[in-house]
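Novice: My structure is in entry_3.txt, and what it holds is compact mmCIF, C-alpha atoms:
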# COMPACT_ATOMS: atom_id res chain seq x y z
CA MET A 286 50.05 112.95 160.59
CA ALA A 287 50.47 116.60 159.64
CA ARG A 288 47.06 117.75 160.87
CA VAL A 289 46.99 121.23 159.38
CA ALA A 290 48.56 120.05 156.13
CA ARG A 291 45.77 117.48 155.78
CA GLU A 292 43.18 120.08 156.66
CA MET A 293 44.49 122.38 153.93
CA VAL A 294 44.07 119.61 151.38
CA GLU A 295 40.56 118.84 152.63
CA ARG A 296 39.61 122.51 152.40
CA SER A 297 40.78 122.62 148.80
CA GLY A 298 37.95 120.20 147.97
CA ILE A 299 39.99 117.04 147.54
CA ASN A 300 38.68 113.84 149.09
CA VAL A 301 41.79 113.12 151.15
CA ASP A 302 40.88 109.52 151.88
CA GLU A 303 40.63 108.82 148.16
CA LEU A 304 43.89 110.63 147.51
CA VAL A 305 45.68 108.68 150.24
CA GLU A 306 44.32 105.41 148.85
CA LEU A 307 45.66 106.37 145.43
CA LEU A 308 49.06 107.22 146.89
CA VAL A 309 49.22 103.90 148.74
CA LYS A 310 48.24 101.97 145.61
CA ASN A 311 50.88 103.78 143.57
CA ALA A 312 53.52 103.29 146.26
CA SER A 313 52.63 99.62 146.15
CA ALA A 314 53.04 99.60 142.39
CA GLU A 315 56.50 101.15 142.76
CA LEU A 316 57.73 98.61 145.26
CA THR A 317 56.32 95.60 143.41
CA THR A 318 57.72 96.95 140.16
CA TYR A 319 61.12 97.32 141.81
CA TYR A 320 60.90 93.64 142.74
CA TYR A 321 59.76 92.48 139.29
CA TYR A 322 62.33 94.67 137.55
CA THR A 323 65.04 92.99 139.63
CA ILE A 324 64.09 89.66 138.06
CA LEU A 325 63.74 91.16 134.59
CA ARG A 326 67.11 92.87 134.85
CA VAL A 327 69.06 89.76 135.84
CA ASN A 328 67.52 87.97 132.88
CA LEU A 329 68.60 90.62 130.40
CA ILE A 330 71.54 88.64 129.10
CA GLY A 331 73.19 87.96 125.79
CA LEU A 332 73.98 90.41 123.03
CA LYS A 333 70.53 92.00 122.97
CA GLY A 334 69.77 91.79 126.66
CA GLU A 335 72.98 93.42 127.83
CA GLY A 336 72.12 96.52 125.83
CA LEU A 337 68.99 97.02 127.91
CA LYS A 338 70.45 96.28 131.30
CA GLU A 339 71.51 99.84 132.03
CA ILE A 340 68.11 101.43 131.46
CA ALA A 341 66.37 98.56 133.25
CA GLU A 342 68.63 99.18 136.24
CA ALA A 343 68.02 102.94 136.18
CA ALA A 344 64.25 102.41 136.02
CA ARG A 345 64.44 99.82 138.80
CA ILE A 346 66.36 102.08 141.18
CA GLU A 347 64.20 105.09 140.36
CA ASP A 348 61.00 103.14 140.99
CA ARG A 349 62.31 102.24 144.43
CA ASN A 350 63.09 105.92 144.96
CA HIS A 351 59.51 106.76 144.02
CA PHE A 352 58.30 104.41 146.74
CA GLU A 353 60.63 106.04 149.27
CA ALA A 354 59.45 109.51 148.26
CA LEU A 355 55.75 108.62 148.45
CA VAL A 356 55.81 107.10 151.92
CA PRO A 357 56.28 110.33 153.93
CA ARG A 358 53.42 112.03 152.06
CA ILE A 359 51.10 109.10 152.79
CA TYR A 360 51.75 109.40 156.52
CA GLU A 361 51.59 113.20 156.51
CA LEU A 362 48.08 112.92 155.10
CA GLY A 363 47.03 110.43 157.77
CA GLY A 364 47.42 107.28 155.69
CA ALA A 365 49.39 104.12 156.34
CA LEU A 366 51.02 101.33 154.40
CA PRO A 367 49.39 97.89 154.54
CA ALA A 368 50.75 95.67 157.27
CA SER A 369 50.96 92.65 154.99
CA MET A 370 53.22 92.34 151.95
CA ASN A 371 50.54 90.19 150.30
CA ASP A 372 48.01 93.00 150.64
CA PHE A 373 50.60 95.39 149.33
CA HIS A 374 51.00 93.39 146.16
CA ASP A 375 47.27 92.88 145.67
CA ILE A 376 46.30 96.55 145.96
CA SER A 377 48.93 97.75 143.51
CA ALA A 378 47.76 100.45 141.11
CA CYS A 379 49.42 98.53 138.29
CA PRO A 380 49.37 94.85 137.29
CA PRO A 381 52.38 92.63 138.03
CA ALA A 382 55.31 92.81 135.60
CA PRO A 383 56.42 89.18 135.54
CA LEU A 384 59.21 87.62 133.55
CA PRO A 385 57.91 86.54 130.11
CA GLU A 386 57.66 82.82 129.45
CA ASP A 387 60.67 83.12 127.14
CA PRO A 388 63.11 85.57 128.77
CA THR A 389 65.31 85.49 125.67
CA ASN A 390 62.48 87.13 123.74
CA ILE A 391 63.67 90.72 124.08
CA GLU A 392 60.54 92.19 122.52
CA ALA A 393 58.39 90.41 125.12
CA MET A 394 60.68 91.72 127.86
CA LEU A 395 60.41 95.27 126.51
CA LYS A 396 56.62 95.04 126.39
CA VAL A 397 56.54 94.11 130.07
CA PHE A 398 58.67 97.15 130.88
CA VAL A 399 56.80 99.58 128.67
CA ASN A 400 53.37 98.46 129.89
CA ALA A 401 54.47 98.91 133.49
CA GLU A 402 55.77 102.40 132.74
CA ARG A 403 52.63 103.37 130.85
CA CYS A 404 50.49 102.33 133.77
CA ALA A 405 52.62 104.52 136.03
CA VAL A 406 52.42 107.47 133.64
CA ARG A 407 48.62 107.23 133.69
CA GLY A 408 48.54 106.90 137.47
CA TYR A 409 50.65 109.97 138.20
CA THR A 410 48.88 111.98 135.53
CA GLN A 411 45.66 111.24 137.40
CA ILE A 412 47.18 112.31 140.72
CA CYS A 413 48.54 115.50 139.14
CA ASN A 414 45.15 116.29 137.64
CA MET A 415 43.49 115.69 140.99
CA THR A 416 45.90 117.83 143.01
CA ALA A 417 46.88 120.63 140.61
CA GLY A 418 46.32 124.02 142.22
CA LYS A 419 44.97 122.36 145.37
CA ASP A 420 47.45 120.10 147.13
CA HIS A 421 50.75 121.70 146.19
CA ARG A 422 53.04 119.26 147.96
CA THR A 423 51.45 116.10 146.56
CA TYR A 424 51.31 117.71 143.13
CA ASP A 425 55.00 118.60 143.26
CA LEU A 426 55.87 115.03 144.25
CA ALA A 427 53.57 113.39 141.69
CA LEU A 428 54.90 115.67 138.95
CA ALA A 429 58.51 114.80 139.81
CA ILE A 430 57.69 111.09 139.66
CA LEU A 431 55.71 111.56 136.45
CA ASN A 432 58.73 113.21 134.81
CA GLU A 433 60.84 110.15 135.54
CA GLU A 434 58.14 107.64 134.53
CA ILE A 435 57.76 109.39 131.18
CA GLU A 436 61.49 109.09 130.59
CA HIS A 437 61.39 105.39 131.48
CA GLU A 438 58.55 104.83 129.05
CA SER A 439 60.40 106.62 126.27
CA TRP A 440 63.59 104.63 126.85
CA PHE A 441 61.82 101.30 126.52
CA SER A 442 59.52 102.37 123.69
CA GLU A 443 62.57 103.50 121.71
CA PHE A 444 63.89 99.94 121.78
CA LEU A 445 60.48 98.70 120.62
CA GLY A 446 60.91 100.78 117.49
CA GLU A 447 58.32 103.41 118.39
CA GLY A 448 60.69 106.26 117.64
CA PRO A 449 63.51 108.15 119.37
CA SER A 450 63.17 108.86 123.07
CA GLY A 451 64.46 112.37 122.47
CA HIS A 452 67.05 112.25 125.22
CA PHE A 453 70.00 110.36 126.52
CA LEU A 454 70.40 108.07 129.47
CA ARG A 455 71.13 109.22 132.98
CA ARG A 456 74.48 110.82 133.49
CA GLY A 457 75.52 110.61 137.10
CA GLU A 458 72.87 110.33 139.79
CA ASN A 459 69.53 108.59 139.40
CA SER A 460 66.20 110.33 139.99
CA PRO A 461 67.04 113.84 138.75
CA PHE A 462 63.47 114.97 139.49
CA VAL A 463 62.62 113.00 142.63
CA SER A 464 65.96 113.27 144.46
CA LYS A 465 64.92 116.50 146.19
CA PHE A 466 62.30 114.49 148.10
CA LEU A 467 64.87 111.97 149.27
CA LYS A 468 67.29 114.31 151.01
CA MET B 134 25.29 89.10 124.27
CA ILE B 135 23.32 90.24 127.29
CA LYS B 136 21.10 93.32 127.53
CA LEU B 137 20.93 95.29 130.75
CA THR B 138 19.29 98.49 131.92
CA ILE B 139 21.39 100.92 133.92
CA GLU B 140 19.58 99.72 137.04
CA ALA B 141 20.35 96.07 136.33
CA LEU B 142 23.94 96.97 135.53
CA SER B 143 24.35 98.50 138.98
CA GLN B 144 24.06 95.05 140.54
CA TYR B 145 27.27 93.92 138.85
CA ASN B 146 29.54 95.84 141.18
CA GLY B 147 31.33 92.96 142.88
CA ASP B 148 29.17 92.95 145.98
CA HIS B 149 28.02 89.42 146.90
CA ASN B 150 30.62 88.00 144.50
CA THR B 151 28.84 89.24 141.39
CA PRO B 152 30.87 89.73 138.21
CA LEU B 153 32.18 93.23 137.53
CA TYR B 154 30.53 94.95 134.59
CA ILE B 155 30.93 98.49 133.31
CA ALA B 156 29.28 100.30 130.42
CA TYR B 157 30.81 102.60 127.83
CA LYS B 158 28.91 104.18 124.94
CA GLY B 159 26.09 101.66 125.12
CA LYS B 160 28.26 98.57 125.36
CA ILE B 161 28.81 96.44 128.45
CA TYR B 162 32.25 95.13 129.34
CA ASP B 163 33.19 92.41 131.81
CA VAL B 164 36.19 93.64 133.83
CA SER B 165 36.09 90.81 136.39
CA SER B 166 39.41 89.37 135.30
CA SER B 167 41.24 92.68 135.14
CA PHE B 168 43.84 93.29 137.85
CA LEU B 169 43.05 96.98 137.58
CA TRP B 170 39.45 96.37 138.70
CA LYS B 171 40.20 94.30 141.79
CA GLY B 172 37.60 94.84 144.49
CA GLY B 173 35.18 96.45 142.06
CA LYS B 174 37.04 99.75 141.85
CA HIS B 175 39.48 101.14 139.31
CA GLN B 176 42.13 103.59 140.53
CA VAL B 177 40.05 104.25 143.64
CA LEU B 178 37.69 106.64 141.87
CA HIS B 179 35.71 104.52 139.40
CA LYS B 180 33.22 101.87 140.45
CA ALA B 181 31.98 98.81 138.62
CA GLY B 182 28.27 98.51 137.90
CA GLN B 183 28.14 101.95 136.31
CA ASP B 184 28.06 103.63 132.94
CA LEU B 185 31.52 105.20 132.78
CA THR B 186 31.13 106.94 129.43
CA GLU B 187 31.51 110.41 130.89
CA GLU B 188 34.23 109.45 133.37
CA LEU B 189 36.32 107.89 130.62
CA GLU B 190 36.39 111.20 128.79
CA HIS B 191 38.40 112.61 131.71
CA ALA B 192 40.58 109.54 132.30
CA PRO B 193 44.33 109.48 131.60
CA HIS B 194 43.73 106.81 128.96
CA GLY B 195 41.48 106.26 125.99
CA ALA B 196 38.70 103.77 125.30
CA ASP B 197 41.19 101.62 123.40
CA LEU B 198 42.12 99.95 126.69
CA LEU B 199 38.63 98.41 126.76
CA LYS B 200 39.82 96.11 123.97
CA ARG B 201 41.67 94.20 126.69
CA VAL B 202 38.40 93.07 128.32
CA PRO B 203 35.48 91.19 126.78
CA CYS B 204 32.50 93.12 125.48
CA ILE B 205 29.54 91.05 126.66
CA GLY B 206 26.43 93.04 125.92
CA GLN B 207 24.45 96.20 125.42
CA LEU B 208 23.01 98.82 127.69
CA VAL B 209 19.29 99.30 127.03
CA GLU B 210 16.60 101.78 128.16
Could you render the structure as structure tokens?

Specialist:
Amino acid sequence: MARVAREMVERSGINVDELVELLVKNASAELTTYYYYTILRVNLIGLKGEGLKEIAEAARIEDRNHFEALVPRIYELGGALPASMNDFHDISACPPAPLPEDPTNIEAMLKVFVNAERCAVRGYTQICNMTAGKDHRTYDLALAILNEEIEHESWFSEFLGEGPSGHFLRRGENSPFVSKFLK
Amino acid sequence: MIKLTIEALSQYNGDHNTPLYIAYKGKIYDVSSSFLWKGGKHQVLHKAGQDLTEELEHAPHGADLLKRVPCIGQLVE
């Protein structure tokens, strides 16, 4: 634990135990989403599915990166990850993102992706709102993750016909916002 | 449709295996089956058994998400 760093957050008026619980729940959501996205990605086959594979893979890898980036902050603030993988799954901040009954139904697949991303966008918005101007390090991290989650949402929503995402896919490295926390 | 006072609503917080109810703008919703309300809490900060009308105004989502859970009654004086 980073004792003084935690103390600074406490003195800013944030309930650190609540914040840590939120970070653990969101880290759990990232790791479980990474797992579910692995299954979704391998089932993106055929003419329509192949077109989505690249963004599904980018979102999958970036969600795992979000997990990796959150873990140090959890421990710095005196928190810990659950010892059991079952607990990890059950406390996730977002519902499971399972393979639809008919994996060839691309719209159903996209809805699973976009719902997962929207849950994440809400979660990190909440953490940003809670930490803005108070816990600078957690805010910086949550904002970086939020930037990537918003891009994921827009990629998938574009394919659902909700309008252009406004930007192109990743060129080069994944996690353009979060990578600074992974070095 | 059931009718509950705010005091009666507070008992539906998941303790002693009770169902999880929340209130919003006078209506009562059953969130027991929602993954996001596991353990009687939503995103750590919001507790079942309460009128969340004011809290929802500051949430990162709108009241439209309540359409995903059954509306089961009314909050009364």

Novice: Define the interface residues of chain A facing chain B as those within 9 Å, counting all atoms listed in the file, and report them as a list in words.

Specialist: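 In the required form, that comes to Glu303, Leu304, Glu306, Leu307, Lys310, Asp375, Ile376, Ser377, Ala378, Cys379, Pro380, Pro381, Val406, Arg407, Gly408, Thr410 and Gln411 of chain A.
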
Novice: Taking into account only C-alpha atoms, which residue in the set A:Arg403, A:Lys419, A:Lys465, A:His437 is nearest to Glu342 (chain A)?

Specialist: A:His437

Novice: Work out how far CA of Gly206 (chain B) is from CA of Leu137 (chain B), in Å to one decimal.

Specialist: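 Between CA of Leu137 (chain B) and CA of Gly206 (chain B) the gap works out to 7.7 Å.
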
Novice: Quick one: residues within 7 Å of Gln183 (chain B), all atoms listed in the file counted, chain neighbours fewer than 2 positions away excluded, as a list in words?

Specialist: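 The residues that qualify are Leu142, Ser143, Ile155, Ala156, Lys180, Ala181 and Leu185 of chain B.
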
Novice: What are the centre and edge lengths in Å, to one decimal, of the axis-aligned box around all listed atoms of region 183-187 of chain B with 4 Å added on each side, as JSON?

Specialist:
{"center_x": 29.8, "center_y": 106.2, "center_z": 132.9, "size_x": 11.5, "size_y": 16.5, "size_z": 14.9}

Novice: Distance CA of Ile324 (chain A)-CA of Leu198 (chain B), one decimal place?

Specialist: 26.8 Å

Novice: Need the neighbours of (67.6, 85.7, 131.7): which residues are at most 10 Å away, counting all atoms listed in the file, as a PyMOL selection string?

Specialist: chain A and resi 324-331+334+384-385+387-391+394

Novice: To one decimal place in Å, what is the distance between CA of Ile299 (chain A) and CA of Thr423 (chain A)?

Specialist: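 It comes out at 11.5 Å.
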
Novice: Would you please work out which residue, of B:Asp163, B:Lys174, B:Glu188, B:Glu210, is nearest to Asp148 (chain B) when using all atoms listed in the file?

Specialist: B:Lys174

Novice: Starting from the point (61.7, 103.9, 149.2), work out which residues of protein, DNA or RNA have an atom no more than 12 Å away when counting only C-alpha atoms; state them as a PyMOL selection string.

Specialist: chain A and resi 312-317+319+345-358+463-464+466-468
